[in-house]
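Listing of coords17.txt; format and content: compact mmCIF, C-alpha atoms.
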```txt
# COMPACT_ATOMS: atom_id res chain seq x y z
CA MET A 1 -4.51 -27.10 20.54
CA THR A 2 -8.09 -26.22 21.43
CA THR A 3 -7.75 -28.44 24.47
CA GLN A 4 -4.91 -26.39 25.87
CA ASN A 5 -5.46 -24.27 28.89
CA PRO A 6 -3.83 -20.91 28.19
CA GLU A 7 -2.52 -20.66 31.76
CA SER A 8 -1.06 -24.11 32.18
CA GLY A 9 -0.45 -25.04 28.54
CA ASP A 10 2.93 -25.36 26.94
CA PHE A 11 4.08 -21.79 26.71
CA ARG A 12 6.92 -22.55 24.29
CA ARG A 13 4.58 -24.41 22.00
CA ASP A 14 2.14 -21.49 22.02
CA GLU A 15 4.94 -19.08 21.15
CA VAL A 16 5.93 -21.30 18.24
CA ILE A 17 2.36 -21.69 16.96
CA ALA A 18 1.84 -17.91 17.17
CA GLY A 19 5.08 -17.43 15.21
CA GLU A 20 4.13 -20.08 12.64
CA TYR A 21 0.81 -18.36 12.14
CA VAL A 22 2.50 -15.02 11.43
CA LEU A 23 5.12 -16.64 9.17
CA GLY A 24 2.20 -18.15 7.24
CA VAL A 25 3.37 -21.79 7.15
CA LEU A 26 0.24 -23.31 8.70
CA SER A 27 -2.57 -25.06 6.81
CA ALA A 28 -5.87 -23.27 6.20
CA GLU A 29 -7.56 -25.32 8.91
CA ASP A 30 -4.80 -24.64 11.43
CA ARG A 31 -5.00 -20.93 10.63
CA ARG A 32 -8.71 -20.90 11.49
CA LYS A 33 -7.94 -22.68 14.79
CA VAL A 34 -5.30 -20.11 15.66
CA GLU A 35 -7.73 -17.29 14.87
CA ALA A 36 -10.41 -18.87 17.05
CA ARG A 37 -7.92 -19.15 19.89
CA MET A 38 -6.87 -15.49 19.40
CA ALA A 39 -10.50 -14.45 19.77
CA SER A 40 -10.90 -16.29 23.07
CA ASP A 41 -7.44 -16.04 24.65
CA ARG A 42 -5.97 -12.58 25.10
CA ASN A 43 -2.54 -13.80 26.14
CA PHE A 44 -2.27 -15.90 23.02
CA ALA A 45 -3.55 -13.03 20.87
CA ALA A 46 -0.82 -10.85 22.39
CA MET A 47 1.81 -13.41 21.36
CA VAL A 48 0.54 -13.28 17.79
CA ASP A 49 0.57 -9.47 17.87
CA ARG A 50 4.10 -9.47 19.15
CA TRP A 51 5.33 -11.75 16.36
CA GLN A 52 3.45 -9.59 13.89
CA HIS A 53 5.21 -6.54 15.25
CA ASN A 54 8.64 -8.25 15.34
CA LEU A 55 8.51 -9.77 11.85
CA ALA A 56 7.03 -6.69 10.16
CA SER A 57 10.53 -5.49 9.32
CA PHE A 58 10.61 -8.23 6.66
CA ASP A 59 7.89 -6.21 4.89
CA ASP A 60 10.68 -4.12 3.37
CA ALA A 61 11.20 -7.00 0.94
CA TYR A 62 7.91 -6.22 -0.82
CA GLU A 63 8.42 -3.95 -3.78
CA ALA A 64 5.70 -1.43 -4.56
CA VAL A 65 3.96 -2.15 -7.87
CA SER A 66 1.18 0.12 -9.14
CA PRO A 67 -2.00 -1.88 -9.60
CA PRO A 68 -4.10 -1.29 -12.74
CA ALA A 69 -6.75 1.42 -12.45
CA HIS A 70 -9.69 -0.97 -12.73
CA VAL A 71 -8.99 -2.47 -9.28
CA LEU A 72 -9.97 0.66 -7.35
CA ALA A 73 -13.03 1.04 -9.57
CA ALA A 74 -14.05 -2.55 -8.75
CA VAL A 75 -13.49 -1.98 -5.02
CA GLU A 76 -15.64 1.13 -5.10
CA ARG A 77 -18.33 -0.61 -7.13
CA SER A 78 -18.60 -3.42 -4.60
CA LEU A 79 -18.53 -1.11 -1.56
CA PHE A 80 -20.61 1.76 -2.89
CA PRO A 81 -23.14 0.47 -5.44
CA PRO A 82 -24.27 3.48 -7.47
CA SER A 83 -27.73 4.85 -6.82
CA PRO A 84 -29.75 4.77 -10.06
CA SER A 85 -29.77 8.52 -10.64
CA ALA A 86 -26.25 9.39 -9.50
CA ALA A 87 -23.02 10.07 -11.41
CA PRO A 88 -22.45 11.54 -14.84
CA PRO A 89 -22.51 9.08 -17.74
CA VAL A 90 -19.35 7.07 -18.33
CA GLY A 91 -16.96 8.73 -20.70
CA PHE A 92 -17.97 12.20 -19.64
CA TRP A 93 -14.43 13.28 -18.82
CA ASN A 94 -13.06 11.67 -21.94
CA SER A 95 -15.44 13.42 -24.23
CA LEU A 96 -13.63 15.37 -26.90
CA LEU A 97 -16.50 17.81 -27.00
CA LEU A 98 -16.02 18.51 -23.30
CA TRP A 99 -12.35 19.31 -23.74
CA ARG A 100 -13.01 21.43 -26.80
CA SER A 101 -15.69 23.41 -25.07
CA LEU A 102 -13.60 23.67 -21.94
CA ALA A 103 -10.71 25.01 -24.00
CA VAL A 104 -12.96 27.50 -25.74
CA ALA A 105 -14.47 28.52 -22.41
CA SER A 106 -11.03 28.98 -20.91
CA LEU A 107 -9.84 31.08 -23.82
CA ALA A 108 -12.95 33.19 -23.57
CA THR A 109 -12.38 33.66 -19.87
CA VAL A 110 -8.79 34.62 -20.43
CA ALA A 111 -9.80 37.18 -23.04
CA ILE A 112 -12.33 38.71 -20.68
CA MET A 113 -9.82 38.70 -17.84
CA TRP A 114 -7.28 40.32 -20.08
CA ALA A 115 -9.67 43.09 -21.02
CA SER A 116 -10.82 43.75 -17.50
CA MET A 117 -7.34 43.57 -16.04
CA ALA A 118 -6.04 46.15 -18.43
CA GLY A 119 -7.54 48.82 -16.24
CA LEU A 120 -6.38 47.23 -12.97
CA PHE A 121 -2.81 46.89 -14.09
CA SER A 122 -2.39 50.62 -14.55
CA GLU A 123 -2.39 51.23 -10.79
CA PRO A 124 0.11 49.33 -8.59
CA GLN A 125 3.68 48.99 -9.80
CA GLY A 126 6.15 46.10 -9.45
CA GLU A 127 4.18 43.30 -7.73
CA PRO A 128 2.90 40.59 -10.06
CA LEU A 129 -0.84 40.04 -10.18
CA VAL A 130 -2.44 36.66 -9.81
CA ALA A 131 -5.97 35.57 -10.67
CA GLU A 132 -7.60 32.15 -10.33
CA LEU A 133 -9.91 31.32 -13.19
CA SER A 134 -12.52 28.73 -12.47
CA GLY A 135 -15.69 27.44 -14.03
CA GLU A 136 -18.66 25.51 -12.72
CA GLY A 137 -17.83 21.83 -12.17
CA ASN A 138 -14.30 21.89 -13.61
CA THR A 139 -11.65 19.53 -12.27
CA ILE A 140 -8.95 22.05 -13.00
CA ASN A 141 -8.68 25.80 -12.55
CA LEU A 142 -6.28 28.10 -14.32
CA VAL A 143 -4.05 30.39 -12.34
CA ALA A 144 -3.01 33.47 -14.29
CA ARG A 145 0.05 35.39 -13.26
CA PHE A 146 0.81 38.73 -14.88
CA ASP A 147 4.27 40.23 -14.72
CA ARG A 148 4.08 43.93 -15.57
CA THR A 149 7.74 44.43 -16.24
CA SER A 150 8.06 41.67 -18.82
CA GLY A 151 4.45 41.96 -19.94
CA SER A 152 4.07 38.18 -19.73
CA LEU A 153 0.87 36.52 -18.64
CA LYS A 154 1.37 32.88 -17.65
CA LEU A 155 -1.48 30.45 -17.26
CA THR A 156 -1.05 27.31 -15.15
CA PRO A 157 -3.71 24.70 -14.51
CA VAL A 158 -4.15 23.58 -10.88
CA ALA A 159 -6.36 20.91 -9.37
CA ALA A 160 -9.69 22.32 -8.28
CA ARG A 161 -12.51 21.24 -6.02
CA GLN A 162 -10.63 18.46 -4.30
CA THR A 163 -11.41 17.70 -0.68
CA GLU A 164 -7.72 18.03 0.08
CA GLU A 165 -4.96 19.90 -1.64
CA LYS A 166 -3.86 18.13 -4.79
CA SER A 167 -1.25 18.63 -7.44
CA LEU A 168 -1.52 18.18 -11.17
CA GLU A 169 1.29 16.11 -12.61
CA LEU A 170 2.36 16.06 -16.25
CA TRP A 171 3.30 12.70 -17.81
CA LEU A 172 5.04 11.66 -21.00
CA ILE A 173 3.86 8.39 -22.50
CA GLU A 174 5.78 6.78 -25.37
CA GLY A 175 3.97 3.88 -26.98
CA ASP A 176 3.25 1.09 -24.51
CA ASN A 177 5.93 2.18 -22.04
CA PRO A 178 4.92 3.25 -18.55
CA ALA A 179 4.25 6.96 -18.11
CA VAL A 180 7.27 9.02 -17.12
CA SER A 181 6.76 12.10 -14.97
CA LEU A 182 7.73 15.42 -16.50
CA GLY A 183 7.02 17.17 -13.23
CA VAL A 184 4.33 18.67 -11.06
CA LEU A 185 2.57 21.76 -12.34
CA PRO A 186 3.33 24.63 -9.95
CA GLN A 187 0.39 25.58 -7.77
CA SER A 188 1.11 29.27 -7.86
CA GLY A 189 1.06 29.92 -11.57
CA GLU A 190 4.69 30.86 -11.13
CA GLY A 191 7.38 29.21 -13.23
CA GLU A 192 7.11 26.49 -15.82
CA ILE A 193 7.95 22.82 -15.98
CA LEU A 194 11.55 22.42 -17.00
CA VAL A 195 11.88 19.15 -18.91
CA PRO A 196 14.88 17.25 -17.48
CA PRO A 197 17.75 17.18 -20.02
CA GLU A 198 17.70 13.38 -20.34
CA MET A 199 14.01 13.54 -21.23
CA ARG A 200 14.27 16.16 -23.95
CA THR A 201 15.31 13.81 -26.74
CA ARG A 202 12.46 11.45 -25.89
CA PHE A 203 9.96 14.17 -26.55
CA GLY A 204 8.79 14.06 -30.14
CA GLU A 205 5.90 13.93 -32.53
CA GLY A 206 3.45 11.26 -31.43
CA SER A 207 4.44 11.45 -27.74
CA THR A 208 1.40 11.52 -25.53
CA LEU A 209 1.13 14.05 -22.74
CA ALA A 210 -1.29 13.45 -19.92
CA VAL A 211 -2.20 15.34 -16.76
CA SER A 212 -3.34 13.48 -13.65
CA VAL A 213 -4.61 14.63 -10.26
CA GLU A 214 -2.09 13.53 -7.61
CA PRO A 215 -1.52 13.99 -3.90
CA LEU A 216 0.03 17.36 -3.09
CA GLY A 217 3.60 17.37 -4.37
CA GLY A 218 3.09 14.65 -6.97
CA SER A 219 2.61 10.92 -7.31
CA PRO A 220 4.08 8.97 -4.37
CA THR A 221 4.86 5.99 -6.58
CA GLY A 222 6.46 7.48 -9.66
CA ALA A 223 3.52 6.37 -11.78
CA PRO A 224 0.17 8.14 -12.20
CA THR A 225 -2.06 7.25 -9.25
CA GLY A 226 -4.97 9.65 -9.67
CA ALA A 227 -7.58 10.40 -12.29
CA VAL A 228 -6.22 11.49 -15.68
CA VAL A 229 -7.96 14.79 -16.37
CA ALA A 230 -6.49 15.59 -19.76
CA GLN A 231 -4.36 13.96 -22.42
CA GLY A 232 -3.25 14.63 -25.95
CA THR A 233 -0.68 13.71 -28.57
CA ALA A 234 2.14 16.02 -29.58
CA ARG A 235 2.44 17.12 -33.23
CA HIS A 236 4.32 19.78 -35.16
CA LEU A 237 2.56 23.08 -35.65
CA MET B 1 4.88 7.98 2.82
CA VAL B 2 4.27 9.20 6.32
CA ASP B 3 2.71 6.99 8.99
CA GLU B 4 0.75 9.86 10.54
CA GLU B 5 -0.77 10.62 7.16
CA ILE B 6 -1.95 7.04 6.70
CA SER B 7 -3.26 6.93 10.28
CA ALA B 8 -5.21 10.11 9.61
CA LEU B 9 -6.67 8.64 6.42
CA LEU B 10 -7.63 5.44 8.26
CA GLY B 11 -9.34 7.60 10.87
CA ARG B 12 -11.39 9.28 8.18
CA VAL B 13 -12.19 5.90 6.60
CA VAL B 14 -13.69 4.85 9.95
CA LEU B 15 -15.99 7.87 9.52
CA ARG B 16 -16.96 6.42 6.12
CA ASP B 17 -15.14 9.12 4.16
CA ARG B 18 -14.93 7.79 0.61
CA ASP B 19 -12.43 10.40 -0.58
CA ALA B 20 -10.12 9.42 2.28
CA PHE B 21 -10.53 5.79 1.28
CA ALA B 22 -9.55 6.57 -2.31
CA ALA B 23 -6.56 8.56 -1.05
CA LEU B 24 -5.57 5.70 1.26
CA TYR B 25 -5.81 3.33 -1.68
CA ARG B 26 -3.62 5.54 -3.85
CA GLN B 27 -0.97 5.82 -1.18
CA THR B 28 -0.87 2.23 -0.02
CA SER B 29 -2.05 -0.03 -2.87
CA PRO B 30 1.32 -0.31 -4.68
CA LYS B 31 2.89 -1.87 -1.56
CA LEU B 32 -0.05 -4.19 -0.95
CA PHE B 33 -0.16 -5.16 -4.63
CA GLY B 34 3.53 -6.03 -4.27
CA VAL B 35 2.60 -8.34 -1.37
CA CYS B 36 -0.11 -10.07 -3.45
CA LEU B 37 2.16 -10.53 -6.46
CA ARG B 38 5.01 -11.94 -4.36
CA ILE B 39 2.83 -14.45 -2.56
CA LEU B 40 0.33 -15.40 -5.27
CA LYS B 41 2.76 -15.16 -8.22
CA ASP B 42 -0.13 -14.58 -10.60
CA ARG B 43 -1.13 -11.14 -11.78
CA SER B 44 -4.86 -11.59 -12.22
CA GLU B 45 -5.19 -13.44 -8.92
CA ALA B 46 -3.21 -10.66 -7.29
CA GLU B 47 -5.55 -8.03 -8.74
CA GLU B 48 -8.58 -9.89 -7.46
CA ALA B 49 -6.97 -10.36 -4.05
CA LEU B 50 -6.10 -6.66 -3.85
CA GLN B 51 -9.72 -5.82 -4.50
CA GLU B 52 -10.88 -8.09 -1.67
CA ILE B 53 -8.18 -6.72 0.63
CA TYR B 54 -9.40 -3.13 0.23
CA VAL B 55 -12.97 -4.23 0.88
CA LYS B 56 -11.67 -5.71 4.15
CA ILE B 57 -9.73 -2.55 4.94
CA TRP B 58 -12.89 -0.47 4.52
CA GLN B 59 -14.78 -2.87 6.79
CA ARG B 60 -12.08 -3.24 9.44
CA ALA B 61 -10.56 0.25 9.59
CA ASP B 62 -12.12 0.74 13.04
CA ARG B 63 -9.98 -2.08 14.41
CA PHE B 64 -6.80 -0.17 13.75
CA ALA B 65 -5.66 1.27 17.06
CA THR B 66 -3.44 4.29 16.65
CA GLY B 67 -0.16 3.99 18.50
CA GLN B 68 -0.23 0.20 18.65
CA ALA B 69 1.35 -0.60 15.35
CA SER B 70 2.52 1.25 12.28
CA PRO B 71 -0.50 1.67 10.00
CA MET B 72 1.52 0.37 7.05
CA SER B 73 2.40 -2.82 8.97
CA TRP B 74 -1.23 -3.22 9.91
CA LEU B 75 -2.35 -2.89 6.28
CA THR B 76 0.44 -5.19 5.08
CA ALA B 77 -0.62 -7.83 7.62
CA ILE B 78 -4.17 -7.75 6.24
CA ALA B 79 -2.80 -8.21 2.72
CA ARG B 80 -0.40 -11.02 3.73
CA ASN B 81 -3.07 -12.90 5.67
CA HIS B 82 -5.49 -12.66 2.79
CA ALA B 83 -2.95 -13.77 0.18
CA ILE B 84 -1.74 -16.64 2.39
CA ASP B 85 -5.32 -17.81 2.94
CA LEU B 86 -5.80 -17.86 -0.83
CA ILE B 87 -2.72 -19.98 -1.57
CA ARG B 88 -3.41 -22.34 1.33
CA ALA B 89 -6.90 -22.87 -0.13
CA ARG B 90 -5.44 -23.35 -3.60
CA LYS B 91 -2.65 -25.69 -2.51
CA PRO B 92 -3.70 -27.38 0.75
CA VAL B 93 -0.97 -28.48 3.15
CA ALA B 94 -0.99 -30.92 6.07
CA ASN B 95 -2.48 -29.84 9.39
CA ALA B 96 0.09 -29.86 12.15
CA ILE B 97 -0.77 -27.92 15.26
CA ASP B 98 -2.66 -30.73 16.95
CA GLU B 99 0.38 -32.96 16.69
CA ALA B 100 3.41 -33.12 18.93
CA TYR B 101 5.96 -30.35 18.54
CA ASP B 102 9.57 -31.36 18.89
CA LEU B 103 10.91 -28.32 20.67
CA ALA B 104 13.83 -29.88 22.52
CA ASP B 105 16.25 -27.06 22.28
CA PRO B 106 19.25 -25.63 24.06
CA ALA B 107 17.58 -22.24 24.28
CA PRO B 108 16.09 -21.43 27.69
CA ASP B 109 12.35 -20.88 27.97
CA PRO B 110 11.24 -17.51 26.68
CA GLU B 111 10.21 -15.18 29.44
CA ARG B 112 6.67 -16.02 30.44
CA SER B 113 5.08 -12.78 29.45
CA ALA B 114 3.29 -12.15 26.22
CA ALA B 115 2.72 -8.49 26.89
CA VAL B 116 3.55 -6.39 23.84
CA ARG B 117 6.40 -4.15 24.86
CA SER B 118 9.47 -2.74 23.26
CA GLU B 119 11.84 -5.55 22.48
CA GLY B 120 15.37 -5.59 23.74
CA ARG B 121 16.73 -6.26 20.28
CA ARG B 122 15.76 -5.76 16.71
CA ILE B 123 14.77 -8.84 14.76
CA ASP B 124 17.59 -8.20 12.28
CA ALA B 125 20.27 -8.58 14.93
CA CYS B 126 18.63 -11.78 16.15
CA MET B 127 18.33 -13.19 12.64
CA GLU B 128 22.11 -12.94 12.39
CA GLU B 129 22.43 -15.31 15.34
CA LEU B 130 20.60 -18.04 13.41
CA GLU B 131 22.42 -20.33 11.05
CA LYS B 132 22.38 -18.79 7.61
CA ASP B 133 20.11 -21.29 5.85
CA ARG B 134 17.64 -21.26 8.75
CA ALA B 135 17.44 -17.49 8.78
CA GLU B 136 16.89 -17.62 5.03
CA ALA B 137 14.07 -20.17 5.48
CA VAL B 138 12.38 -17.98 8.11
CA ARG B 139 12.58 -14.93 5.89
CA ARG B 140 11.33 -16.70 2.76
CA ALA B 141 8.47 -18.33 4.64
CA TYR B 142 7.32 -14.88 5.72
CA VAL B 143 7.96 -12.92 2.52
CA GLU B 144 6.74 -15.50 0.00
CA GLY B 145 4.13 -17.24 2.15
CA LEU B 146 5.77 -20.65 1.53
CA SER B 147 4.51 -23.83 3.20
CA TYR B 148 6.76 -26.23 5.12
CA GLN B 149 6.58 -28.60 2.14
CA GLU B 150 7.71 -25.95 -0.32
CA LEU B 151 10.50 -24.82 2.00
CA ALA B 152 11.63 -28.43 2.48
CA GLU B 153 11.87 -28.89 -1.30
CA MET B 154 13.62 -25.58 -1.75
CA PHE B 155 16.27 -26.34 0.88
CA ALA B 156 16.40 -30.05 -0.04
CA VAL B 157 15.73 -31.31 3.49
CA PRO B 158 13.00 -33.68 4.78
CA LEU B 159 9.70 -32.05 5.77
CA ASN B 160 10.16 -32.78 9.46
CA THR B 161 13.64 -31.32 9.42
CA MET B 162 12.25 -28.10 7.98
CA ARG B 163 9.57 -28.01 10.68
CA THR B 164 12.21 -28.41 13.35
CA TRP B 165 14.41 -25.74 11.74
CA LEU B 166 11.67 -23.15 11.73
CA ARG B 167 10.18 -23.97 15.12
CA ARG B 168 13.55 -23.87 16.86
CA SER B 169 14.44 -20.72 14.99
CA LEU B 170 11.26 -19.09 16.26
CA LEU B 171 12.16 -20.00 19.84
CA LYS B 172 15.70 -18.70 19.38
CA LEU B 173 14.41 -15.46 17.94
CA ARG B 174 12.00 -15.02 20.83
CA GLU B 175 14.73 -15.72 23.34
CA CYS B 176 17.16 -13.36 21.57
CA MET B 177 14.71 -10.48 21.40
CA GLU B 178 14.01 -10.67 25.10
CA ARG B 179 17.63 -10.73 26.08
```

I'd like the structure from this file rewritten - as structure tokens, please.
Amino acid sequence: MTTQNPESGDFRRDEVIAGEYVLGVLSAEDRRKVEARMASDRNFAAMVDRWQHNLASFDDAYEAVSPPAHVLAAVERSLFPPSPSAAPPVGFWNSLLLWRSLAVASLATVAIMWASMAGLFSEPQGEPLVAELSGEGNTINLVARFDRTSGSLKLTPVAARQTEEKSLELWLIEGDNPAVSLGVLPQSGEGEILVPPEMRTRFGEGSTLAVSVEPLGGSPTGAPTGAVVAQGTARHL
Amino acid sequence: MVDEEISALLGRVVLRDRDAFAALYRQTSPKLFGVCLRILKDRSEAEEALQEIYVKIWQRADRFATGQASPMSWLTAIARNHAIDLIRARKPVANAIDEAYDLADPAPDPERSAAVRSEGRRIDACMEELEKDRAEAVRRAYVEGLSYQELAEMFAVPLNTMRTWLRRSLLKLRECMER
């Protein structure tokens, strides 16, 4: 095929070879020859592109399957080797101490907010008040929403310090089964997650709850795709 | 999954934005992992392939031209090509393109223009004009990355018959889409 002149060569044959390349039926060696020809012959490269474009509707046959988390980590390791001093030690986010101290810190913040808001709340009537509680370096913030009439103060975690808007999604994990979404935590601190009726019976002692950072609006795949920022096991009080 | 969103992420990847790359991975890796699994039929090989595919995507993001193709098709093509290269290396097949092609066919010559333009017909409509088993062979070759030999065994026809089936089918498809 390398001997063929693109202008005078067998046009039908070229069309077929371009199509065979896109179908994927050629040998490794033939594939390299086709690629070399594409690099040197724009007309031929356009034939390949056109087949690629035409046959791409077969891509619908590929089902989406979430890859295991270690793949992205391996990609990032090979593309961005860590500089010796960078990054917190491994296990930082999984440290029990971190979550305990974070919880204590959050409670302390809430208590302080509560005390200082007591004065504020005496002025305007009706409209609920909202405050965003954040701490240095946290992955999540808490949004507090106070409703004067009912006297309720709701706290909702939201994703913080992300380069783009993210959502936090709550997952239920039973044993070795894949995580099932319980819903996206509301960004506004307004409302709660209503567990779907069919899920309620599955929720019991020993169920694991986890929160992951997801694209705005929740995981696009139905399985957790982002970093898990918190998890714990349910037990009776 | 919105095409514009993936295009925008690819644009930021060109600017070496690592967060955009991670976001692109999260949005697109399940589909590309599906491609690897379907073609390689081995989970750990598919995981390794997916890793190599995203390294390529990072390196080649600047070759994606907005407006030319859907970004998802572009990414899927990278994944398919990589996975097909891996199985062809694992299970070598006979070279063929330097040999004679038997293309004697009732179909008239395809129009002599390889310019990418909007096709007269969708591939699906043209696939219906092929005989059923031939259309099935074309589709399985593409989706599963099968070789002529594997297709010949699957459809219980001689290797050369399968070659003729697919090559004539390609010409018929080309002719149909330009009609």

Task: Distance filter 6 Å, all atoms listed in the file, chain A against chain B, as a PyMOL selection string - done: chain A and resi 1+16+23-25+27-28+46-47+50+62-66+71+75+225

Selected residues written out, C-alpha atoms, as a PDB file, keeping the file's coordinate frame:
```
ATOM      1  CA  MET A   1      -4.510 -27.100  20.540  1.00  0.00           C
ATOM      2  CA  VAL A  16       5.930 -21.300  18.240  1.00  0.00           C
ATOM      3  CA  LEU A  23       5.120 -16.640   9.170  1.00  0.00           C
ATOM      4  CA  GLY A  24       2.200 -18.150   7.240  1.00  0.00           C
ATOM      5  CA  VAL A  25       3.370 -21.790   7.150  1.00  0.00           C
ATOM      6  CA  SER A  27      -2.570 -25.060   6.810  1.00  0.00           C
ATOM      7  CA  ALA A  28      -5.870 -23.270   6.200  1.00  0.00           C
ATOM      8  CA  ALA A  46      -0.820 -10.850  22.390  1.00  0.00           C
ATOM      9  CA  MET A  47       1.810 -13.410  21.360  1.00  0.00           C
ATOM     10  CA  ARG A  50       4.100  -9.470  19.150  1.00  0.00           C
ATOM     11  CA  TYR A  62       7.910  -6.220  -0.820  1.00  0.00           C
ATOM     12  CA  GLU A  63       8.420  -3.950  -3.780  1.00  0.00           C
ATOM     13  CA  ALA A  64       5.700  -1.430  -4.560  1.00  0.00           C
ATOM     14  CA  VAL A  65       3.960  -2.150  -7.870  1.00  0.00           C
ATOM     15  CA  SER A  66       1.180   0.120  -9.140  1.00  0.00           C
ATOM     16  CA  VAL A  71      -8.990  -2.470  -9.280  1.00  0.00           C
ATOM     17  CA  VAL A  75     -13.490  -1.980  -5.020  1.00  0.00           C
ATOM     18  CA  THR A 225      -2.060   7.250  -9.250  1.00  0.00           C
TER      19      THR A 225
END
```

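You can rank B:Ala125, B:Asp62, B:Leu15, B:Met162 by their closest distance to Ser57 (chain A) using only C-alpha atoms, and at the top of that list sits B:Ala125.
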
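With CA of Leu26 (chain A) on one side and CA of Asp49 (chain A) on the other, the separation reads 16.6 Å.
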
Task: d(CA of Gly217 (chain A), CA of Ala74 (chain A)) in Å - done: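 Between CA of Gly217 (chain A) and CA of Ala74 (chain A) the gap works out to 27.0 Å.
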
Task: CA of Asp60 (chain A) to CA of Glu15 (chain A), distance in Å rounded to a single decimal - done: 23.9 Å
